[in-house]
Amino acid sequence: MGTVRRSVALLGATGSVGTQTLDVLRREPDRFELVSVAGSSRLRELAAIVREFHVARVGISHEQDRAAVVEMVGPAVEIVVGPEGLAALAASADIVVNAVMGFAGLPVTMAALANGRRLALANKESLIAAAPLVESVRRTPGAQILPIDSEHCAIHQCLAGSIDHPGHPDVRRLILTASGGPFRGWSPEQLATASTADALHHPTWSMGAKITIDSSTLMNKGLEVLEASALFGVAADRVAVVVHPQSIVHSMVEYVDGSVIAQLSRPDMRLPIAYCLGMPDRLDHAWGQLDFSTAFALTFEPPDVATFTALPLAYEAARLGGAAPAWLSAANEVAVEACLDGRVAWRDIVPIVSAVMDSYEAGSLSSIEDLYAHDARARDLARALVEVSS
Ligand code: NDP
Ligand code: MG
């Protein structure tokens, strides 16, 4: 092949995106070298990855876990801890895969971009919350964001023929597809009885718990509207959502002349992960290959926004701008965690987020400190509402 191996930092290595990224790396040892990984609670799995890939640096969340990790990986491996540790790892690899769950992924996004790295971004929460800050840091020479989120990876591919001009004036709309989740077609009465176990049963994708719950409320799609707007510099009112239960069309771009360009593949996250790692090359693995030798149908329908109110909430956060997306995402993280812990019911998630947004206090978002203050305020309000609901 003759190409230089590119170094990869995989942060959130033990999760759903993380383990699928490892699967891609396993098959491409000549292209990529995994130099650092990070995880949080699954230390045994993290240590196994370090041993398999001979990783030099490991990030963990808690100082008290250090001794146990050293015991498993040996003294030669460097261990870094907490948000500063994540930032240090993200600063020093050619490609940084941010597969951390939730707002905890913020240091990865900021440090990768500030150090001119390629950021292969699964962690949508950091981009959504920090959009105004990311806007400037992504202009660092060498910095680049490639989206792993399948819809945004699809749009990235569909925009390949668009003129490279800020705001994409030749594009009328970005059209995100949504599977509709496990509760597609359910009435409000049925949804009032929905259990967390029902919500964890996604029809087309196998993912981590938080994003699976987000898919069931359609908050994931709302977050993805904000993500698309931040990534591609297109206002949220030019980002539409259409329900497509088969999850074959991963998203589309509608140009001003009415042409719609779509990206199709089987739902397999290894395809967008490999796209982000390999760019400008496409890796030869056919993970998403469709079988056109047997008949199949693709259907599209509008989302039921009267029932799934998380979607209009996200558009409202986009309209408010500033820190409103950060508040939405923070409140949602708290409510979903409470749902997964059994402290609130599934039906309580969106009303909690909605109530937090009713209390939204606009304020400056020009520094990381501002962002942490907004995040903490939204979380406090959400936690108080969780207390009342439980
Ligand atoms: P998982 O819950 O499966 O994995 C999350 C990962 O983050 C784990 O490795 C976890 O470590 C790690 N982690 C959590 N907190 C910390 C922390 N404080 N410091 C370091 N690492 C931490 O999530 P997913 O893989 O499903 O999702 C990851 C991100 O990708 C999310 O932002 C999600 O929205 C996005 N995404 C996921 C998709 C999917 O198919 N799963 C699709 C599109 C986007 P540990 O497990 O060891 O505690
Ligand atoms: Mg997605």
# chains A, B, ... in the order shown; residues from 1 in each chain; ligands from 1
>>> residues_around(residues="region 110-124 of chain A", least_positions_apart="5", cutoff="6 Å", atoms="only C-alpha atoms", output="PyMOL selection string")
chain A and resi 87+90-91+94-99+137-138+140-149+276
>>> residues_near_ligand(ligand="ligand 2", cutoff="7 Å", atoms="only C-alpha atoms and all ligand atoms", output="list in words")
Asp149, Ser150, Glu151 and Glu224 of chain A
>>> residues_around(residues="Ala306 (chain A)", least_positions_apart="3", cutoff="12 Å", atoms="only C-alpha atoms", output="count of residues only")
12
>>> residues_near_ligand(ligand="ligand 1", cutoff="9 Å", atoms="only C-alpha atoms and all ligand atoms", output="PyMOL selection string")
chain A and resi 11-20+38-46+59-62+81-83+86+98-105+121-126+147-151+205-212+214+220+223+268-269
>>> atom_distance(atom1="CA of Ser389 (chain A)", atom2="CA of Met219 (chain A)")
19.5 Å
>>> atom_distance(atom1="CA of Ala67 (chain A)", atom2="CA of Ile79 (chain A)")
10.0 Å
>>> closest_residue(among="A:Val35, A:Leu22, A:Ile349, A:Leu264", to="Val55 (chain A)", atoms="only C-alpha atoms")
A:Val35
>>> select_by_dssp(residues="region 301-384 of chain A", states="alpha helix (DSSP H)", output="count of residues only")
55
>>> select_by_dssp(residues="region 242-313 of chain A", states="strand (DSSP E)", output="MDAnalysis selection string")
chainID A and resid 242:243 249:255 260:264
>>> atom_distance(atom1="CA of Ile128 (chain A)", atom2="CA of Ser329 (chain A)")
7.6 Å
>>> residues_around(residues="Ser251 (chain A)", least_positions_apart="6", cutoff="12 Å", atoms="only C-alpha atoms", output="compact mmCIF listing (two decimals) with N, CA, C and O atoms, in the first residue's frame")
# COMPACT_ATOMS: atom_id res chain seq x y z
N ASP A 149 -22.01 9.97 13.04
CA ASP A 149 -23.47 9.81 13.12
C ASP A 149 -23.97 9.53 11.70
O ASP A 149 -23.67 10.29 10.76
N SER A 150 -24.72 8.45 11.52
CA SER A 150 -24.96 7.93 10.17
C SER A 150 -25.68 8.93 9.27
O SER A 150 -25.37 9.05 8.08
N GLU A 151 -26.61 9.70 9.84
CA GLU A 151 -27.36 10.68 9.03
C GLU A 151 -26.42 11.77 8.52
O GLU A 151 -26.52 12.21 7.38
N HIS A 152 -25.54 12.21 9.41
CA HIS A 152 -24.66 13.33 9.06
C HIS A 152 -23.54 12.87 8.15
O HIS A 152 -23.09 13.62 7.27
N CYS A 153 -23.13 11.62 8.33
CA CYS A 153 -22.16 11.03 7.41
C CYS A 153 -22.79 10.93 6.02
O CYS A 153 -22.14 11.21 5.01
N ALA A 154 -24.07 10.58 5.98
CA ALA A 154 -24.79 10.52 4.70
C ALA A 154 -24.81 11.90 4.06
O ALA A 154 -24.51 12.05 2.86
N ILE A 155 -25.15 12.91 4.83
CA ILE A 155 -25.23 14.27 4.28
C ILE A 155 -23.85 14.74 3.81
O ILE A 155 -23.72 15.36 2.75
N HIS A 156 -22.84 14.40 4.58
CA HIS A 156 -21.47 14.74 4.16
C HIS A 156 -21.20 14.17 2.77
O HIS A 156 -20.62 14.84 1.91
N GLN A 157 -21.65 12.95 2.53
CA GLN A 157 -21.45 12.32 1.22
C GLN A 157 -22.34 12.98 0.15
O GLN A 157 -21.91 13.18 -0.98
N CYS A 158 -23.58 13.31 0.52
CA CYS A 158 -24.50 13.92 -0.45
C CYS A 158 -24.11 15.36 -0.81
O CYS A 158 -24.52 15.87 -1.84
N LEU A 159 -23.32 15.98 0.05
CA LEU A 159 -22.88 17.36 -0.22
C LEU A 159 -21.62 17.41 -1.08
O LEU A 159 -21.15 18.50 -1.43
N ARG A 173 -32.64 22.16 1.38
CA ARG A 173 -32.83 21.56 2.70
C ARG A 173 -31.92 20.35 2.87
O ARG A 173 -31.63 19.64 1.91
N LEU A 174 -31.53 20.13 4.10
CA LEU A 174 -30.96 18.84 4.48
C LEU A 174 -32.13 18.02 5.02
O LEU A 174 -32.94 18.54 5.80
N ILE A 175 -32.25 16.78 4.60
CA ILE A 175 -33.38 15.96 5.03
C ILE A 175 -32.84 14.76 5.82
O ILE A 175 -32.22 13.85 5.25
N LEU A 176 -33.05 14.80 7.13
CA LEU A 176 -32.60 13.71 8.00
C LEU A 176 -33.66 12.62 8.00
O LEU A 176 -34.85 12.91 8.17
N THR A 177 -33.25 11.38 7.84
CA THR A 177 -34.21 10.29 8.00
C THR A 177 -34.19 9.80 9.45
O THR A 177 -33.18 9.88 10.14
N ALA A 178 -35.35 9.30 9.87
CA ALA A 178 -35.51 8.76 11.23
C ALA A 178 -36.21 7.41 11.10
O ALA A 178 -37.15 7.29 10.31
N SER A 179 -35.77 6.43 11.87
CA SER A 179 -36.46 5.13 11.81
C SER A 179 -37.87 5.27 12.41
O SER A 179 -38.76 4.51 12.08
N LYS A 221 -33.46 12.54 17.17
CA LYS A 221 -33.61 13.24 15.89
C LYS A 221 -33.57 14.75 16.11
O LYS A 221 -33.01 15.49 15.29
N GLU A 224 -30.15 15.66 16.45
CA GLU A 224 -29.48 15.56 15.15
C GLU A 224 -29.79 16.75 14.25
O GLU A 224 -28.98 17.11 13.40
N VAL A 225 -30.95 17.37 14.42
CA VAL A 225 -31.25 18.61 13.69
C VAL A 225 -30.24 19.69 14.12
O VAL A 225 -29.63 20.38 13.28
N ALA A 228 -26.79 18.79 12.76
CA ALA A 228 -26.64 19.06 11.33
C ALA A 228 -26.44 20.55 11.10
O ALA A 228 -25.61 20.98 10.28
N VAL A 239 -33.37 22.28 7.95
CA VAL A 239 -33.10 20.86 8.23
C VAL A 239 -34.44 20.20 8.51
O VAL A 239 -35.12 20.54 9.49
N ALA A 240 -34.85 19.30 7.64
CA ALA A 240 -36.14 18.62 7.79
C ALA A 240 -35.94 17.19 8.27
O ALA A 240 -34.83 16.66 8.19
N VAL A 241 -37.01 16.61 8.78
CA VAL A 241 -36.97 15.22 9.26
C VAL A 241 -38.07 14.43 8.57
O VAL A 241 -39.21 14.90 8.48
N VAL A 242 -37.73 13.26 8.06
CA VAL A 242 -38.74 12.38 7.48
C VAL A 242 -38.54 10.99 8.08
O VAL A 242 -37.40 10.54 8.29
N VAL A 243 -39.65 10.33 8.40
CA VAL A 243 -39.57 8.99 8.97
C VAL A 243 -39.42 7.98 7.84
O VAL A 243 -40.17 8.02 6.85
N HIS A 244 -38.44 7.11 8.01
CA HIS A 244 -38.12 6.09 6.99
C HIS A 244 -37.79 4.81 7.76
O HIS A 244 -36.66 4.61 8.20
N VAL A 260 -32.83 15.62 -5.38
CA VAL A 260 -32.56 15.07 -4.05
C VAL A 260 -31.48 14.00 -4.18
O VAL A 260 -31.64 13.05 -4.95
N ILE A 261 -30.39 14.18 -3.46
CA ILE A 261 -29.31 13.19 -3.45
C ILE A 261 -29.38 12.45 -2.12
O ILE A 261 -29.45 13.08 -1.06
N ALA A 262 -29.39 11.13 -2.19
CA ALA A 262 -29.50 10.31 -0.97
C ALA A 262 -28.30 9.39 -0.85
O ALA A 262 -27.64 9.09 -1.84
N GLN A 263 -28.02 8.95 0.36
CA GLN A 263 -27.01 7.90 0.57
C GLN A 263 -27.72 6.68 1.14
O GLN A 263 -28.47 6.78 2.10
N LEU A 264 -27.50 5.54 0.52
CA LEU A 264 -28.16 4.30 0.94
C LEU A 264 -27.12 3.26 1.34
O LEU A 264 -26.05 3.17 0.72
N SER A 265 -27.47 2.48 2.33
CA SER A 265 -26.66 1.31 2.70
C SER A 265 -27.43 0.55 3.77
O SER A 265 -28.37 1.10 4.35
N PRO A 267 -28.02 -0.67 7.49
CA PRO A 267 -27.63 0.04 8.72
C PRO A 267 -26.50 -0.68 9.44
O PRO A 267 -26.72 -1.69 10.10
N PHE A 300 -41.55 6.39 3.17
CA PHE A 300 -41.28 7.65 3.86
C PHE A 300 -42.60 8.22 4.37
O PHE A 300 -43.63 8.09 3.70
>>> residues_around(residues="region 130-134 of chain A", least_positions_apart="6", cutoff="8 Å", atoms="only C-alpha atoms", output="PDB file with all heavy atoms, in the first residue's frame")
ATOM      1  N   LEU A 106     -17.058  16.528  25.772  1.00  0.00           N
ATOM      2  CA  LEU A 106     -16.673  17.900  25.389  1.00  0.00           C
ATOM      3  C   LEU A 106     -15.154  18.120  25.294  1.00  0.00           C
ATOM      4  O   LEU A 106     -14.677  18.692  24.309  1.00  0.00           O
ATOM      5  CB  LEU A 106     -17.301  18.916  26.351  1.00  0.00           C
ATOM      6  CG  LEU A 106     -16.998  20.380  26.033  1.00  0.00           C
ATOM      7  CD1 LEU A 106     -17.669  20.805  24.729  1.00  0.00           C
ATOM      8  CD2 LEU A 106     -17.434  21.295  27.173  1.00  0.00           C
ATOM      9  N   MET A 110     -13.135  19.591  21.871  1.00  0.00           N
ATOM     10  CA  MET A 110     -12.416  20.867  21.893  1.00  0.00           C
ATOM     11  C   MET A 110     -10.912  20.675  21.698  1.00  0.00           C
ATOM     12  O   MET A 110     -10.276  21.399  20.922  1.00  0.00           O
ATOM     13  CB  MET A 110     -12.688  21.608  23.217  1.00  0.00           C
ATOM     14  CG  MET A 110     -14.141  21.997  23.438  1.00  0.00           C
ATOM     15  SD  MET A 110     -14.895  22.942  22.080  1.00  0.00           S
ATOM     16  CE  MET A 110     -14.130  24.543  22.317  1.00  0.00           C
ATOM     17  N   LEU A 113      -9.857  19.607  18.034  1.00  0.00           N
ATOM     18  CA  LEU A 113      -9.919  20.706  17.067  1.00  0.00           C
ATOM     19  C   LEU A 113      -8.866  21.770  17.362  1.00  0.00           C
ATOM     20  O   LEU A 113      -8.204  22.269  16.450  1.00  0.00           O
ATOM     21  CB  LEU A 113     -11.325  21.314  17.055  1.00  0.00           C
ATOM     22  CG  LEU A 113     -12.430  20.344  16.583  1.00  0.00           C
ATOM     23  CD1 LEU A 113     -13.802  20.993  16.735  1.00  0.00           C
ATOM     24  CD2 LEU A 113     -12.208  19.901  15.137  1.00  0.00           C
ATOM     25  N   ALA A 230     -25.166  22.759  13.151  1.00  0.00           N
ATOM     26  CA  ALA A 230     -23.825  23.165  13.587  1.00  0.00           C
ATOM     27  C   ALA A 230     -22.743  22.639  12.646  1.00  0.00           C
ATOM     28  O   ALA A 230     -21.804  23.350  12.306  1.00  0.00           O
ATOM     29  CB  ALA A 230     -23.569  22.669  15.011  1.00  0.00           C
ATOM     30  N   GLY A 322     -27.859  30.444  21.057  1.00  0.00           N
ATOM     31  CA  GLY A 322     -27.044  30.627  22.258  1.00  0.00           C
ATOM     32  C   GLY A 322     -26.850  29.324  23.003  1.00  0.00           C
ATOM     33  O   GLY A 322     -26.447  28.313  22.413  1.00  0.00           O
ATOM     34  N   ALA A 326     -27.570  23.674  24.489  1.00  0.00           N
ATOM     35  CA  ALA A 326     -26.824  23.074  25.608  1.00  0.00           C
ATOM     36  C   ALA A 326     -27.775  22.711  26.749  1.00  0.00           C
ATOM     37  O   ALA A 326     -27.651  21.652  27.379  1.00  0.00           O
ATOM     38  CB  ALA A 326     -25.743  24.037  26.105  1.00  0.00           C
ATOM     39  N   LEU A 365     -22.423  32.836  26.032  1.00  0.00           N
ATOM     40  CA  LEU A 365     -21.763  31.551  25.801  1.00  0.00           C
ATOM     41  C   LEU A 365     -20.547  31.843  24.928  1.00  0.00           C
ATOM     42  O   LEU A 365     -20.537  31.587  23.729  1.00  0.00           O
ATOM     43  CB  LEU A 365     -22.720  30.554  25.125  1.00  0.00           C
ATOM     44  CG  LEU A 365     -22.151  29.180  24.743  1.00  0.00           C
ATOM     45  CD1 LEU A 365     -21.326  28.567  25.866  1.00  0.00           C
ATOM     46  CD2 LEU A 365     -23.233  28.224  24.325  1.00  0.00           C
ATOM     47  N   SER A 366     -19.542  32.435  25.578  1.00  0.00           N
ATOM     48  CA  SER A 366     -18.352  32.775  24.800  1.00  0.00           C
ATOM     49  C   SER A 366     -17.100  32.080  25.319  1.00  0.00           C
ATOM     50  O   SER A 366     -16.013  32.290  24.791  1.00  0.00           O
ATOM     51  CB  SER A 366     -18.151  34.297  24.764  1.00  0.00           C
ATOM     52  OG  SER A 366     -18.194  34.803  26.066  1.00  0.00           O
ATOM     53  N   SER A 367     -17.255  31.256  26.348  1.00  0.00           N
ATOM     54  CA  SER A 367     -16.100  30.518  26.861  1.00  0.00           C
ATOM     55  C   SER A 367     -16.563  29.158  27.367  1.00  0.00           C
ATOM     56  O   SER A 367     -17.758  28.943  27.602  1.00  0.00           O
ATOM     57  CB  SER A 367     -15.456  31.281  28.032  1.00  0.00           C
ATOM     58  OG  SER A 367     -16.366  31.284  29.124  1.00  0.00           O
ATOM     59  N   ILE A 368     -15.598  28.280  27.560  1.00  0.00           N
ATOM     60  CA  ILE A 368     -15.899  26.954  28.118  1.00  0.00           C
ATOM     61  C   ILE A 368     -16.502  27.099  29.519  1.00  0.00           C
ATOM     62  O   ILE A 368     -17.414  26.357  29.890  1.00  0.00           O
ATOM     63  CB  ILE A 368     -14.602  26.109  28.173  1.00  0.00           C
ATOM     64  CG1 ILE A 368     -14.272  25.596  26.774  1.00  0.00           C
ATOM     65  CG2 ILE A 368     -14.711  24.955  29.139  1.00  0.00           C
ATOM     66  CD1 ILE A 368     -15.169  24.466  26.302  1.00  0.00           C
ATOM     67  N   LEU A 371     -20.051  27.719  29.259  1.00  0.00           N
ATOM     68  CA  LEU A 371     -20.778  26.509  28.875  1.00  0.00           C
ATOM     69  C   LEU A 371     -20.973  25.592  30.081  1.00  0.00           C
ATOM     70  O   LEU A 371     -22.068  25.062  30.290  1.00  0.00           O
ATOM     71  CB  LEU A 371     -20.031  25.782  27.744  1.00  0.00           C
ATOM     72  CG  LEU A 371     -20.638  24.458  27.294  1.00  0.00           C
ATOM     73  CD1 LEU A 371     -22.108  24.605  26.900  1.00  0.00           C
ATOM     74  CD2 LEU A 371     -19.840  23.884  26.107  1.00  0.00           C
TER      75      LEU A 371
END
>>> residues_around(residues="Ser390 (chain A)", least_positions_apart="5", cutoff="10 Å", atoms="only C-alpha atoms", output="PyMOL selection string")
chain A and resi 338-339+342-345+348+385
>>> write_last_selection(atoms="N, CA, C and O atoms", output="mmCIF file, in the first residue's frame")
data_model
loop_
_atom_site.group_PDB
_atom_site.id
_atom_site.type_symbol
_atom_site.label_atom_id
_atom_site.label_comp_id
_atom_site.auth_asym_id
_atom_site.auth_seq_id
_atom_site.Cartn_x
_atom_site.Cartn_y
_atom_site.Cartn_z
ATOM 1 N N ALA A 338 -32.118 9.231 34.596
ATOM 2 C CA ALA A 338 -33.103 8.898 35.650
ATOM 3 C C ALA A 338 -34.061 7.814 35.171
ATOM 4 O O ALA A 338 -34.468 6.937 35.947
ATOM 5 N N CYS A 339 -34.408 7.858 33.901
ATOM 6 C CA CYS A 339 -35.282 6.824 33.341
ATOM 7 C C CYS A 339 -34.567 5.474 33.346
ATOM 8 O O CYS A 339 -35.128 4.453 33.769
ATOM 9 N N GLY A 342 -34.493 3.910 36.596
ATOM 10 C CA GLY A 342 -35.802 3.576 37.154
ATOM 11 C C GLY A 342 -36.365 4.619 38.100
ATOM 12 O O GLY A 342 -37.327 4.364 38.823
ATOM 13 N N ARG A 343 -35.772 5.834 38.094
ATOM 14 C CA ARG A 343 -36.277 6.871 39.011
ATOM 15 C C ARG A 343 -37.444 7.637 38.422
ATOM 16 O O ARG A 343 -38.246 8.201 39.149
ATOM 17 N N VAL A 344 -37.529 7.720 37.105
ATOM 18 C CA VAL A 344 -38.714 8.304 36.468
ATOM 19 C C VAL A 344 -39.167 7.351 35.370
ATOM 20 O O VAL A 344 -38.405 6.491 34.916
ATOM 21 N N ALA A 345 -40.413 7.519 34.935
ATOM 22 C CA ALA A 345 -40.951 6.681 33.864
ATOM 23 C C ALA A 345 -40.527 7.250 32.508
ATOM 24 O O ALA A 345 -40.171 8.436 32.399
ATOM 25 N N ASP A 348 -42.026 10.481 31.417
ATOM 26 C CA ASP A 348 -41.624 11.713 32.119
ATOM 27 C C ASP A 348 -40.461 12.443 31.436
ATOM 28 O O ASP A 348 -40.207 13.613 31.734
ATOM 29 N N LEU A 385 -36.599 18.425 39.002
ATOM 30 C CA LEU A 385 -37.830 17.887 38.407
ATOM 31 C C LEU A 385 -37.869 16.361 38.506
ATOM 32 O O LEU A 385 -38.946 15.772 38.687
#
>>> residues_around(residues="Val334 (chain A)", least_positions_apart="4", cutoff="8 Å", atoms="only C-alpha atoms", output="NGL selection string")
:A and (330 or 338 or 379 or 382-383)
>>> closest_residue(among="A:Ala9, A:Arg347, A:Glu316, A:Asp375", to="Thr193 (chain A)", atoms="only C-alpha atoms")
A:Arg347
